[in-house]
Amino acid sequence: MVTAGTSFSRDADDPESNRPADYSGWRCVFNPLWCYYGFIIAVGALTLFGLMMVFSSSSVDLVASGKSPWNQLITQTGYALGGAFIAFVLSRVPVKFFRRFAAVALGIAIVMQLLTMVPGIGSSAGGNVGWVHIGSVRWQPAEILKWAVCLWMPTAILAMRKTKLPTVKAWAVPIGVFLLAFGAVIVGKDLGTAMIVVLIGASALLVGGLPISWFLGLGGLGVVGILLLFVTGNSNRMSRILAAYGTCTAEQAQGVCYQSIHGAYAMASGGLTGVGLGNSREKWNYLPAAHNDFIFAVIGEELGFLGALAVVLGFVVMGWCLINIAMHHRDAYARMVIMCFVVWIVAQALVNIGVVVGLLPVMGLPMPFVSYGGTALVMCLAAAGTAVAMARTQTDIKAALAKA
């Protein structure tokens, strides 16, 4: 068995790398093994909690439409079980396999994303064209694209480092293909998802060693591009931005501001401990997407500040555990992939929360592991399983698992 206060080795390349690290007392938060199990527990807890909240937030609307109140819970549980199986399989896949087939995965993901623009196959929701509908099967390729970008960007960057090409030509491939993936998302006008893809790519470039001057320059161009999309895009997107940072008129209160206002009502009603699980008033056909994009509002109303804080802490634990494992990892590829997953999951959770509490305009981004949605949940669990596969090759974790 492995004790919590010791480590088998240190990953730093220094003369004392063979001396056991001290993880006793408060230093346990830096223990990669603790973070390995902490991450798995956080993922499992948020997924189970999400199932409970999906049932609570969706049952009223389902009954009102003449359906069983258990309908979406059963569906989401099926996705959770399927995603958990995929996560388990991926967690046992060798890291070199991900690195070898990352380009294939990204190519397939980009093609699937472009299928959303094909008439008769692609479908839209909330003004965004981001779904593929074939027969009775409907999925969101952008969620698969996020996972593929997390795997491919580190592969391309590390391959680029081995070339002797000039800096401009060396970075052309990773940046160019990334922009292609981004463009495949943005043509569907899904600005929220595109923003997460940008954050994933930016984190990979920064960790991968892109010159700071280049990074700032590309970042500036990205900001200008996003502003142009806001200004020249559909009027609904601009109205959401003005509603978030301006004053809603009486007419807007029943239109573009409606969802944000009722989300704020839900959060304000919760107080410290909430009105009780299942007792939300806003989910009674007042709050749109109560089981999806605005599920955090229902959590705040039913479970109060303490319940909402517990969800935030779950993502904090998840993010810290992955960052800590990455910092202790010798494999540059695994380290970069893990950091990309951190940005995807934690940043998307923060954006979702920011939208609900009124800090950001409505973007249509679900909360990872918690919101209703099949593709999103399956791919978040797939990302978790892939992160576990990367973590299992870290020295301390690998040695501990071998002795378990």
# chains A, B, ... in the order shown; residues from 1 in each chain; ligands from 1

call {"tool": "residues_around", "arguments": {"residues": "range 117-131 of chain A", "least_positions_apart": "4", "cutoff": "12 Å", "atoms": "only C-alpha atoms", "output": "ChimeraX atom specification"}}
result
/A:110-113,135-145,184-194,233-237,256,288-289,293,362-365,373-376

call {"tool": "residues_around", "arguments": {"residues": "range 351-360 of chain A", "least_positions_apart": "4", "cutoff": "7 Å", "atoms": "only C-alpha atoms", "output": "ChimeraX atom specification"}}
result
/A:244,260,263-264,294,296-297,347,365-367

call {"tool": "residues_around", "arguments": {"residues": "Gly304 in chain A", "least_positions_apart": "5", "cutoff": "6 Å", "atoms": "only C-alpha atoms", "output": "PyMOL selection string"}}
result
chain A and resi 270-274

call {"tool": "write_last_selection", "arguments": {"atoms": "N, CA and C atoms", "output": "PDB file, in the first residue's frame"}}
result
ATOM      1  N   GLY A 270     -32.500  31.995  -3.760  1.00  0.00           N
ATOM      2  CA  GLY A 270     -31.901  30.872  -3.039  1.00  0.00           C
ATOM      3  C   GLY A 270     -31.376  31.200  -1.662  1.00  0.00           C
ATOM      4  N   GLY A 271     -30.880  32.411  -1.470  1.00  0.00           N
ATOM      5  CA  GLY A 271     -30.308  32.758  -0.172  1.00  0.00           C
ATOM      6  C   GLY A 271     -29.118  31.885   0.171  1.00  0.00           C
ATOM      7  N   LEU A 272     -28.939  31.604   1.445  1.00  0.00           N
ATOM      8  CA  LEU A 272     -27.789  30.836   1.891  1.00  0.00           C
ATOM      9  C   LEU A 272     -27.951  29.345   1.652  1.00  0.00           C
ATOM     10  N   THR A 273     -29.118  28.810   1.975  1.00  0.00           N
ATOM     11  CA  THR A 273     -29.318  27.359   1.903  1.00  0.00           C
ATOM     12  C   THR A 273     -30.334  26.927   0.851  1.00  0.00           C
ATOM     13  N   GLY A 274     -30.982  27.867   0.163  1.00  0.00           N
ATOM     14  CA  GLY A 274     -31.907  27.519  -0.904  1.00  0.00           C
ATOM     15  C   GLY A 274     -33.327  27.271  -0.435  1.00  0.00           C
TER      16      GLY A 274
END

call {"tool": "closest_residue", "arguments": {"among": "A:Asn285, A:Ser269, A:Ser280, A:Gln72", "to": "Phe305 in chain A", "atoms": "only C-alpha atoms"}}
result
A:Ser269

call {"tool": "closest_residue", "arguments": {"among": "A:Met195, A:Leu287, A:Leu218, A:Val149", "to": "Met336 in chain A", "atoms": "only C-alpha atoms"}}
result
A:Val149

call {"tool": "select_by_dssp", "arguments": {"residues": "range 111-234 of chain A", "states": "strand (DSSP E)", "output": "ChimeraX atom specification"}}
result
/A:122-125,128-134,137-139

call {"tool": "closest_residue", "arguments": {"among": "A:Tyr286, A:Tyr258, A:Trp26, A:Phe98", "to": "Thr386 in chain A", "atoms": "only C-alpha atoms"}}
result
A:Phe98

call {"tool": "closest_residue", "arguments": {"among": "A:Cys340, A:Ala156, A:Val378, A:Val317", "to": "Leu81 in chain A", "atoms": "only C-alpha atoms"}}
result
A:Val378

call {"tool": "atom_distance", "arguments": {"atom1": "CA of Pro32 in chain A", "atom2": "CA of Ala148 in chain A"}}
result
25.3 Å

call {"tool": "closest_residue", "arguments": {"among": "A:Thr155, A:Asn279, A:Thr393, A:Gln259", "to": "Ala204 in chain A", "atoms": "only C-alpha atoms"}}
result
A:Thr155

call {"tool": "select_by_dssp", "arguments": {"residues": "range 68-199 of chain A", "states": "helix (DSSP H, G or I)", "output": "compact mmCIF listing (two decimals) with N, CA and C atoms, in the first residue's frame"}}
result
# COMPACT_ATOMS: atom_id res chain seq x y z
N ASN A 71 -38.21 11.29 -18.01
CA ASN A 71 -37.72 11.14 -19.37
C ASN A 71 -36.27 11.59 -19.54
N GLN A 72 -35.97 12.83 -19.19
CA GLN A 72 -34.62 13.34 -19.41
C GLN A 72 -33.61 12.75 -18.44
N LEU A 73 -34.04 12.40 -17.24
CA LEU A 73 -33.13 11.74 -16.30
C LEU A 73 -32.68 10.40 -16.87
N ILE A 74 -33.63 9.63 -17.42
CA ILE A 74 -33.28 8.32 -17.99
C ILE A 74 -32.34 8.50 -19.17
N THR A 75 -32.66 9.47 -20.03
CA THR A 75 -31.80 9.72 -21.20
C THR A 75 -30.40 10.13 -20.77
N GLN A 76 -30.33 11.09 -19.82
CA GLN A 76 -29.03 11.58 -19.37
C GLN A 76 -28.23 10.50 -18.64
N THR A 77 -28.93 9.63 -17.91
CA THR A 77 -28.25 8.52 -17.24
C THR A 77 -27.63 7.57 -18.26
N GLY A 78 -28.34 7.35 -19.35
CA GLY A 78 -27.79 6.51 -20.43
C GLY A 78 -26.53 7.13 -21.01
N TYR A 79 -26.56 8.45 -21.23
CA TYR A 79 -25.36 9.13 -21.72
C TYR A 79 -24.23 9.04 -20.70
N ALA A 80 -24.57 9.19 -19.43
CA ALA A 80 -23.55 9.14 -18.38
C ALA A 80 -22.89 7.76 -18.32
N LEU A 81 -23.69 6.71 -18.43
CA LEU A 81 -23.14 5.36 -18.40
C LEU A 81 -22.27 5.10 -19.63
N GLY A 82 -22.76 5.53 -20.80
CA GLY A 82 -21.97 5.38 -22.02
C GLY A 82 -20.67 6.17 -21.94
N GLY A 83 -20.77 7.41 -21.43
CA GLY A 83 -19.58 8.24 -21.28
C GLY A 83 -18.60 7.67 -20.28
N ALA A 84 -19.12 7.09 -19.19
CA ALA A 84 -18.25 6.48 -18.18
C ALA A 84 -17.50 5.29 -18.76
N PHE A 85 -18.20 4.50 -19.59
CA PHE A 85 -17.53 3.36 -20.24
C PHE A 85 -16.42 3.84 -21.18
N ILE A 86 -16.73 4.88 -21.97
CA ILE A 86 -15.72 5.42 -22.88
C ILE A 86 -14.54 5.98 -22.09
N ALA A 87 -14.84 6.67 -20.97
CA ALA A 87 -13.78 7.23 -20.14
C ALA A 87 -12.88 6.13 -19.58
N PHE A 88 -13.49 5.03 -19.15
CA PHE A 88 -12.70 3.92 -18.60
C PHE A 88 -11.79 3.33 -19.67
N VAL A 89 -12.34 3.14 -20.89
CA VAL A 89 -11.54 2.58 -21.97
C VAL A 89 -10.38 3.51 -22.31
N LEU A 90 -10.67 4.80 -22.46
CA LEU A 90 -9.64 5.76 -22.81
C LEU A 90 -8.57 5.89 -21.72
N SER A 91 -8.98 5.69 -20.47
CA SER A 91 -8.02 5.82 -19.37
C SER A 91 -6.96 4.72 -19.41
N VAL A 95 -0.43 6.53 -23.94
CA VAL A 95 -0.31 7.92 -24.36
C VAL A 95 0.16 8.02 -25.81
N LYS A 96 1.06 7.13 -26.21
CA LYS A 96 1.59 7.19 -27.58
C LYS A 96 0.50 6.97 -28.63
N PHE A 97 -0.57 6.25 -28.25
CA PHE A 97 -1.67 6.03 -29.18
C PHE A 97 -2.38 7.36 -29.46
N PHE A 98 -2.66 8.15 -28.41
CA PHE A 98 -3.30 9.44 -28.61
C PHE A 98 -2.44 10.34 -29.50
N ARG A 99 -1.15 10.32 -29.24
CA ARG A 99 -0.25 11.17 -30.00
C ARG A 99 -0.19 10.75 -31.47
N ARG A 100 -0.25 9.46 -31.70
CA ARG A 100 -0.14 8.94 -33.07
C ARG A 100 -1.38 9.23 -33.90
N PHE A 101 -2.54 9.14 -33.29
CA PHE A 101 -3.80 9.27 -34.03
C PHE A 101 -4.51 10.60 -33.79
N ALA A 102 -3.83 11.57 -33.18
CA ALA A 102 -4.45 12.87 -32.91
C ALA A 102 -4.84 13.59 -34.20
N ALA A 103 -3.98 13.51 -35.23
CA ALA A 103 -4.27 14.18 -36.49
C ALA A 103 -5.50 13.58 -37.17
N VAL A 104 -5.63 12.26 -37.09
CA VAL A 104 -6.80 11.60 -37.67
C VAL A 104 -8.07 12.03 -36.94
N ALA A 105 -7.98 12.07 -35.61
CA ALA A 105 -9.14 12.48 -34.80
C ALA A 105 -9.55 13.90 -35.14
N LEU A 106 -8.59 14.81 -35.29
CA LEU A 106 -8.92 16.20 -35.61
C LEU A 106 -9.52 16.31 -37.01
N GLY A 107 -8.97 15.57 -37.97
CA GLY A 107 -9.52 15.61 -39.32
C GLY A 107 -10.97 15.16 -39.36
N ILE A 108 -11.27 14.06 -38.67
CA ILE A 108 -12.65 13.56 -38.61
C ILE A 108 -13.56 14.58 -37.93
N ALA A 109 -13.07 15.18 -36.85
CA ALA A 109 -13.87 16.15 -36.11
C ALA A 109 -14.19 17.38 -36.96
N ILE A 110 -13.21 17.86 -37.73
CA ILE A 110 -13.45 19.02 -38.59
C ILE A 110 -14.47 18.69 -39.67
N VAL A 111 -14.35 17.51 -40.27
CA VAL A 111 -15.32 17.10 -41.30
C VAL A 111 -16.72 17.01 -40.71
N MET A 112 -16.85 16.41 -39.52
CA MET A 112 -18.16 16.32 -38.88
C MET A 112 -18.71 17.70 -38.57
N GLN A 113 -17.84 18.62 -38.15
CA GLN A 113 -18.30 19.97 -37.85
C GLN A 113 -18.80 20.67 -39.11
N LEU A 114 -18.13 20.46 -40.22
CA LEU A 114 -18.56 21.07 -41.48
C LEU A 114 -19.88 20.47 -41.98
N LEU A 115 -20.18 19.25 -41.56
CA LEU A 115 -21.45 18.63 -41.94
C LEU A 115 -22.64 19.40 -41.39
N THR A 116 -22.42 20.19 -40.34
CA THR A 116 -23.54 20.97 -39.77
C THR A 116 -24.06 22.00 -40.76
N MET A 117 -23.26 22.34 -41.78
CA MET A 117 -23.68 23.32 -42.78
C MET A 117 -24.35 22.69 -43.99
N PRO A 141 -20.99 18.09 -33.10
CA PRO A 141 -19.61 17.77 -33.42
C PRO A 141 -18.58 18.67 -32.74
N ALA A 142 -18.97 19.90 -32.37
CA ALA A 142 -18.01 20.81 -31.75
C ALA A 142 -17.45 20.25 -30.45
N GLU A 143 -18.24 19.44 -29.74
CA GLU A 143 -17.75 18.84 -28.50
C GLU A 143 -16.64 17.83 -28.80
N ILE A 144 -16.77 17.10 -29.90
CA ILE A 144 -15.72 16.17 -30.33
C ILE A 144 -14.50 16.96 -30.79
N LEU A 145 -14.75 18.09 -31.45
CA LEU A 145 -13.67 18.92 -31.95
C LEU A 145 -12.80 19.46 -30.80
N LYS A 146 -13.42 19.83 -29.70
CA LYS A 146 -12.66 20.31 -28.54
C LYS A 146 -11.67 19.24 -28.07
N TRP A 147 -12.16 18.03 -27.96
CA TRP A 147 -11.32 16.91 -27.50
C TRP A 147 -10.17 16.68 -28.48
N ALA A 148 -10.49 16.72 -29.77
CA ALA A 148 -9.46 16.47 -30.79
C ALA A 148 -8.42 17.58 -30.80
N VAL A 149 -8.83 18.83 -30.62
CA VAL A 149 -7.89 19.94 -30.58
C VAL A 149 -6.94 19.80 -29.39
N CYS A 150 -7.48 19.36 -28.26
CA CYS A 150 -6.64 19.15 -27.07
C CYS A 150 -5.57 18.09 -27.32
N LEU A 151 -5.85 17.11 -28.15
CA LEU A 151 -4.88 16.06 -28.44
C LEU A 151 -3.91 16.46 -29.55
N TRP A 152 -4.41 17.21 -30.55
CA TRP A 152 -3.57 17.48 -31.72
C TRP A 152 -2.63 18.65 -31.54
N MET A 153 -3.07 19.73 -30.90
CA MET A 153 -2.21 20.91 -30.77
C MET A 153 -0.87 20.58 -30.11
N PRO A 154 -0.84 19.86 -28.97
CA PRO A 154 0.46 19.49 -28.40
C PRO A 154 1.30 18.63 -29.34
N THR A 155 0.64 17.72 -30.08
CA THR A 155 1.37 16.88 -31.04
C THR A 155 2.05 17.73 -32.09
N ALA A 156 1.32 18.67 -32.66
CA ALA A 156 1.87 19.52 -33.71
C ALA A 156 2.98 20.43 -33.18
N ILE A 157 2.79 20.95 -31.99
CA ILE A 157 3.80 21.86 -31.42
C ILE A 157 5.10 21.11 -31.13
N LEU A 158 4.99 19.92 -30.55
CA LEU A 158 6.20 19.14 -30.25
C LEU A 158 6.90 18.69 -31.52
N ALA A 159 6.13 18.34 -32.55
CA ALA A 159 6.73 17.97 -33.83
C ALA A 159 7.43 19.17 -34.46
N MET A 160 6.82 20.34 -34.32
CA MET A 160 7.40 21.56 -34.86
C MET A 160 8.73 21.88 -34.20
N ARG A 161 8.84 21.60 -32.91
CA ARG A 161 10.09 21.89 -32.19
C ARG A 161 11.27 21.10 -32.74
N THR A 167 11.34 30.22 -37.70
CA THR A 167 10.24 30.33 -36.73
C THR A 167 8.89 30.50 -37.39
N VAL A 168 8.81 31.37 -38.39
CA VAL A 168 7.53 31.64 -39.04
C VAL A 168 6.98 30.37 -39.69
N LYS A 169 7.79 29.67 -40.45
CA LYS A 169 7.33 28.46 -41.13
C LYS A 169 7.04 27.34 -40.12
N ALA A 170 7.82 27.26 -39.07
CA ALA A 170 7.63 26.19 -38.08
C ALA A 170 6.28 26.30 -37.39
N TRP A 171 5.86 27.51 -37.07
CA TRP A 171 4.59 27.69 -36.37
C TRP A 171 3.39 27.75 -37.31
N ALA A 172 3.66 27.77 -38.62
CA ALA A 172 2.56 27.92 -39.59
C ALA A 172 1.58 26.75 -39.53
N VAL A 173 2.10 25.52 -39.38
CA VAL A 173 1.22 24.33 -39.38
C VAL A 173 0.30 24.31 -38.16
N PRO A 174 0.83 24.36 -36.92
CA PRO A 174 -0.09 24.32 -35.78
C PRO A 174 -1.07 25.47 -35.74
N ILE A 175 -0.61 26.68 -36.10
CA ILE A 175 -1.52 27.83 -36.08
C ILE A 175 -2.52 27.74 -37.22
N GLY A 176 -2.06 27.35 -38.40
CA GLY A 176 -2.95 27.28 -39.56
C GLY A 176 -4.05 26.25 -39.41
N VAL A 177 -3.70 25.04 -38.97
CA VAL A 177 -4.71 23.99 -38.80
C VAL A 177 -5.66 24.35 -37.66
N PHE A 178 -5.12 24.96 -36.62
CA PHE A 178 -5.99 25.41 -35.53
C PHE A 178 -7.02 26.42 -36.04
N LEU A 179 -6.58 27.37 -36.85
CA LEU A 179 -7.52 28.37 -37.41
C LEU A 179 -8.58 27.69 -38.29
N LEU A 180 -8.19 26.61 -38.97
CA LEU A 180 -9.16 25.85 -39.77
C LEU A 180 -10.23 25.24 -38.85
N ALA A 181 -9.79 24.65 -37.72
CA ALA A 181 -10.74 24.07 -36.77
C ALA A 181 -11.65 25.15 -36.19
N PHE A 182 -11.06 26.29 -35.86
CA PHE A 182 -11.85 27.41 -35.34
C PHE A 182 -12.86 27.89 -36.37
N GLY A 183 -12.42 28.01 -37.63
CA GLY A 183 -13.32 28.46 -38.68
C GLY A 183 -14.49 27.52 -38.90
N ALA A 184 -14.24 26.21 -38.73
CA ALA A 184 -15.32 25.23 -38.90
C ALA A 184 -16.41 25.43 -37.87
N VAL A 185 -16.03 25.95 -36.70
CA VAL A 185 -17.02 26.21 -35.65
C VAL A 185 -17.72 27.54 -35.87
N ILE A 186 -16.93 28.56 -36.20
CA ILE A 186 -17.48 29.92 -36.27
C ILE A 186 -18.43 30.10 -37.45
N LEU A 191 -20.65 31.32 -31.30
CA LEU A 191 -19.54 32.10 -30.78
C LEU A 191 -19.07 31.60 -29.42
N GLY A 192 -19.98 31.08 -28.60
CA GLY A 192 -19.61 30.57 -27.28
C GLY A 192 -18.64 29.39 -27.40
N THR A 193 -19.01 28.41 -28.21
CA THR A 193 -18.14 27.25 -28.41
C THR A 193 -16.84 27.65 -29.07
N ALA A 194 -16.92 28.56 -30.04
CA ALA A 194 -15.70 29.03 -30.71
C ALA A 194 -14.75 29.69 -29.72
N MET A 195 -15.28 30.39 -28.74
CA MET A 195 -14.45 31.04 -27.74
C MET A 195 -13.70 30.01 -26.90
N ILE A 196 -14.35 28.89 -26.56
CA ILE A 196 -13.68 27.84 -25.80
C ILE A 196 -12.59 27.19 -26.64
N VAL A 197 -12.86 26.99 -27.92
CA VAL A 197 -11.84 26.43 -28.82
C VAL A 197 -10.64 27.36 -28.89
N VAL A 198 -10.88 28.67 -28.94
CA VAL A 198 -9.78 29.64 -28.96
C VAL A 198 -8.96 29.55 -27.68
N LEU A 199 -9.62 29.43 -26.54
CA LEU A 199 -8.90 29.34 -25.27
C LEU A 199 -8.04 28.08 -25.21

call {"tool": "residues_around", "arguments": {"residues": "Leu306 in chain A", "least_positions_apart": "2", "cutoff": "12 Å", "atoms": "only C-alpha atoms", "output": "NGL selection string"}}
result
:A and (267 or 270-276 or 299-304 or 308-313)

call {"tool": "closest_residue", "arguments": {"among": "A:Tyr372, A:Phe30, A:Phe49, A:Phe215", "to": "Ile323 in chain A", "atoms": "only C-alpha atoms"}}
result
A:Phe30

call {"tool": "residues_around", "arguments": {"residues": "Ala326 in chain A", "least_positions_apart": "3", "cutoff": "8 Å", "atoms": "only C-alpha atoms", "output": "list of chain:residue names"}}
result
A:Leu322, A:Ile323, A:His329, A:Ala334, A:Arg335, A:Met336, A:Ile338, A:Met339, A:Ala391

call {"tool": "residues_around", "arguments": {"residues": "Met53 in chain A", "least_positions_apart": "5", "cutoff": "9 Å", "atoms": "only C-alpha atoms", "output": "PDB file with C-alpha atoms, in the first residue's frame"}}
result
ATOM      1  CA  LEU A  48     -23.992  12.250 -10.287  1.00  0.00           C
ATOM      2  CA  SER A  58     -36.654  19.280 -16.183  1.00  0.00           C
ATOM      3  CA  LEU A 277     -34.283  20.475  -3.617  1.00  0.00           C
ATOM      4  CA  GLY A 278     -37.124  20.266  -6.140  1.00  0.00           C
ATOM      5  CA  HIS A 291     -32.018  21.978 -17.353  1.00  0.00           C
ATOM      6  CA  ILE A 295     -29.002  24.789 -14.621  1.00  0.00           C
ATOM      7  CA  VAL A 298     -31.738  26.264 -10.464  1.00  0.00           C
ATOM      8  CA  ILE A 299     -28.886  24.971  -8.296  1.00  0.00           C
ATOM      9  CA  VAL A 370     -23.833  18.941 -14.914  1.00  0.00           C
ATOM     10  CA  SER A 371     -26.032  20.322 -17.709  1.00  0.00           C
TER      11      SER A 371
END
